[in-house]
Structure formats: C-alpha cells, structure tokens
Amino acid sequence: MTNAIGESIARIFEYSGAKTIRANYQGDVGPHVAKAIWGILHAGVPFAGKSALWIGEQYARGSDAYENDPAAKEEIDSINKKVYDKSDEEVNTVYDWGKQVTLDAFEEIYKLLGTKFNHYFFESEMAPIGMEIVKENTPKVFEDSDGAIVFHAENHDPKLHTRVFVTSKGLPTYETKELGLTVTKFEKENPDTSIIVTAIEQGEYMKVVQKAVSLINPDYESRMKHVTHGMMKFASGKMSSRKGNVVTGESLLNDSMELIHEKVKGRELSQEEKDAIAKIVGVAAVKYSILRSSLMGDIIYDFEKSISFEGDSGPYLQYTAVRAGSILKKAQAEGIVPGFAKAPSEATVLEHMLYQFPEIVVYTHETLEPHHVATYLIELASAFNTFYGNTQIVNKEDIHAPYRVALVQAFRETMKNGLYLLGIETPEKM
RNA sequence: GCACCCGUAGUGAAAUGGAUAUCACAACAGUCUUCGGAACUGUCGUUGGGGGUUCGAAUCCCUCCGGGUGCACCA
C-alpha cells in the first residue's frame, strides 16, 4: 500500500519535471527480527531451502511465544542484542540467510509492482549513524532519563510528547534510526524535497523526530514532508484467510491475478499473453483500489467490487484504453489518417476533459494526493464512452472521421499517461 | 483521560466564504446488439447533530456525537 502511494507520487513528480530518487527503508534489525530468528531456531527442522513464507510462520510463532512464554521472551531479548552486536555465530548464520531470502521475496514483489529503487537503506546501517548524532547532541537536544536517552519534544511544542531515542540497555530505537536515515539521505542526494510515505501510526512520532531534526539541522527539516495514509480494511468476510483476518499485500495480488486468469480464460490468446494480462490487470485492480481514495482515512477494500471490474476500477480504465486502441487499428486498416484539420462545429465533453489533464497533474503534484488523477481518469473514461456510444468514428464517407480518429488517439495517450501516474500499465490486448 | 487526523447520496470523490452543493460508480427503469456489451439513455439520492460569526458556511469558530491513530525504552 505504501509502495503504491510512494510510486505514484514519485511518478507525478517525475512527470512534473523533477529528478526523482526512490529510496526503500527496511527493518532488518529489531525485536521483530529476533522473534523470527527464535522461531527458526526452534522450528525443529533445518532452514536451508525454506521460503519467505516459512519465515513468516516462524515469526508468528516467535511473536506468540514472546507474549505467552517468559523464558522465550528472555531468550528473544538476548537474540535481539546479539543481532545488533553480531556476537553469536549461530544467530549470525540464521540472520544472514533469512535476510537474503526475505529481500529476494520483496524484490520480486517490487518488480511485479513496477518499482525500481535507487537506494536501499537498512535500519542496521542507520542505527550507528543515528547513535552518533544522538551522542553529539546530548545534552544539547537529548537528555538522560532513567538510564535512557530521551527527547523532550513537549518543551518545544506543547502538542508533542517525550520519546525515547536510546533505551536503557543502550539500544537505539526507531527514532534514532530515522534520524540517521534523514541525515544519510540528505548527505547522499541533497534533495530539494524529501517525501516520506508511511502509515498514519507513524504520524505522531515522526513529528517528534522532525522537531529533533529541526534543532540539529533546520535546513533539512524544512525540506521534509511526511505523507501518511490509513489502513486497509476489508468489506466482507470473504478474503484469503490464511491467518485470520490478516491479508498480506502479496496474497491480495495473487488472488487478484488468479481471478483475472479466470476472466480471460475463454479469450483467444496465447498462454503467455494471458499470464502477462493477469499480471498487469491484477496489479491495476489492487493499485486502483488503493489510489482512488484520499490518503487520510482507512481504505475499505471490497474484494467483490475489485473483481467485478464494472465501472469504478482499474481494469475498466485499461479496457477503455484497449478498446480505443482497437478502434485506431481499424481506422488504420481503412486508410483513415488522423488529423485535426476538419473539426465538427461543436466540441464534446471529451475535448474539455482532455484539455484538463495538465491541470490535474499540477494539482496532484501540489496536494500530493494521487486520488485526483484516479477520479479524473474515471470521468475521462466516462466521457469517452459517451462519445464512443453516440458517434460512428471509423467511417470513410464522413469528412470528420480524421478528426474523430485523432481524438481517439489523444484519449488513448492521455489515459495511458494517467494510468502510468498511478503506477498502472496499459496492455495492448485484454 | 489527553493529543492528532477524519466525517459530503449505498460507495469513492469535487466545490479561493458566493448562485439551485457537482462528478463518477452502484441501484432502479429503458435502448440498442455497432468500431471489442466491460456499451448507451434516463431516474433515484448527499454536507453527522446543535449553536455562533457573516449579506452569504460543506468551507471559519465553539460544542456534542461517530470513526481512526498515537501517548517512554516496539517498529
């Protein structure tokens, strides 16, 4: 979800002429990793050859044990420390293996989604950098409190609160790592604007971190923008319920692609074409469902609706573009050369809509709200369908035919560009 | 409890404080079977409640209600 939003925002900036750098920040250290390692060590079977999914299961067991088994909790805490200082050979081996498998799995999903990152930052790398910054700025910014190092943000803004940056055990928290990340990003690329996309839970703590940054380096802070989004919820009980009501992005994509496969089963296409279409359309269904809504507030993912493909959906937009494409093919076969020379006396809504596209992009760029593009595209598709339904386009006898074909061409290009901004590909056939 | 975000038709959105609150989807009722029917036409329906500021409020202020999120060693 964060990926869909981040990628769309990146593309909108690119389209607006900005040089855009995509960075991915991954949590490769911390208690969640320790829980997974504990699970792997206690799995009773060797880990060699196991999948990322299997690691997920081990994490679930570790997480459960952490809550219910005091002995396990102690062990996991000790593993956590070992992960940071790399003092235990066995832990190191499991760690290195698990990290690679997990990263490979993520990379596959990014590829499917169409995101290419310029930088991969890891929490393990940011931790020492952040620690250094905290040390340098204590007691100027940070203070000692009960053995931990904290930042009293409420002293600078009454709306904020105190947060721990280094625990009493001497381990850096997420805040410190984020501090390290911020400085690293600015030193590496020195961007005019740094946009951070996270879920809303991070909203409050990010304000505290930003306040701390403003005291250390006000220049960086003024260029940071935090975009938050709500959670994804599900409309009905019908969903892939491998682990209760937790649905991963991956399983959502898989289910979606599977359903597209069902839909195109009867079409006269090769197996490779069907596979490609299932991917492109399946991703579109999921991405559109996310990006059609405003970022704030939760997104209700209605699986029934996203698979029906009627009306307000990504596949519907793709379909409209594809159909425009086949009209163009037919026009070409009939020897009609598109041109704007002879226009009918009255313009339709379609022309007005096409004309608005650049404004919509500018507006979206300013507001950082991709849903404006989504709303525009669905209206554009509707305008095109009205035009298409009421007008004979390919007709050699008609002197307006070249103009109409040119209009269809313009529509197809605009739809394609708009979908691109949402991170959605337009297939040739479907 | 405190803080932050949000509340516009069934759903997703629009509206520098300005005219009768728009658009799309869904639903319902029709049309036609054409360039790919995943179509076209029409109908239905909305500012959470209550105060206030204003000539004028979806928009600003107060309050209540509802939803979400966060409040010290998790990320």
# chains A, B, ... in the order shown; residues from 1 in each chain; ligands from 1

$ interface_residues --of "chain B" --to "chain A" --cutoff "10 Å" --atoms "only C-alpha atoms (C1' of nucleotides)" --output "list of chain:residue names"
B:A3, B:C4, B:C5, B:C6, B:G7, B:U11, B:G12, B:A13, B:A14, B:C23, B:A24, B:C25, B:A26, B:U34, B:C35, B:G36, B:A38, B:A39, B:C40, B:U41, B:G67, B:G68, B:U69, B:G70, B:C71, B:A72, B:C73, B:C74, B:A75

$ residues_around --residues "A:Ala48" --least-positions-apart "4" --cutoff "10 Å" --atoms "only C-alpha atoms (C1' of nucleotides)" --output "PyMOL selection string"
chain A and resi 94+97-98

$ atom_distance --atom1 "atom CA of A:Ala406" --atom2 "atom CA of A:Gly339"
5.6 Å

$ select_by_dssp --residues "stretch 131-288 of chain A" --states "helix (DSSP H, G or I)" --output "ChimeraX atom specification"
/A:131-136,153-155,174-189,200-216,218-221,249-264,271-288

$ residues_around --residues "B:A9" --least-positions-apart "6" --cutoff "10 Å" --atoms "only C-alpha atoms (C1' of nucleotides)" --output "ChimeraX atom specification"
/B:44-46

$ residues_around --residues "B:G42" --least-positions-apart "4" --cutoff "12 Å" --atoms "only C-alpha atoms (C1' of nucleotides)" --output "list of chain:residue names"
B:C28, B:A29, B:G30, B:U31

$ atom_distance --atom1 "atom CA of A:Pro427" --atom2 "atom CA of A:Ile280"
7.1 Å

$ select_by_dssp --residues "stretch 37-223 of chain A" --states "strand (DSSP E)" --output "PyMOL selection string"
chain A and resi 119-122+143-145+148-152+162-166+194-199
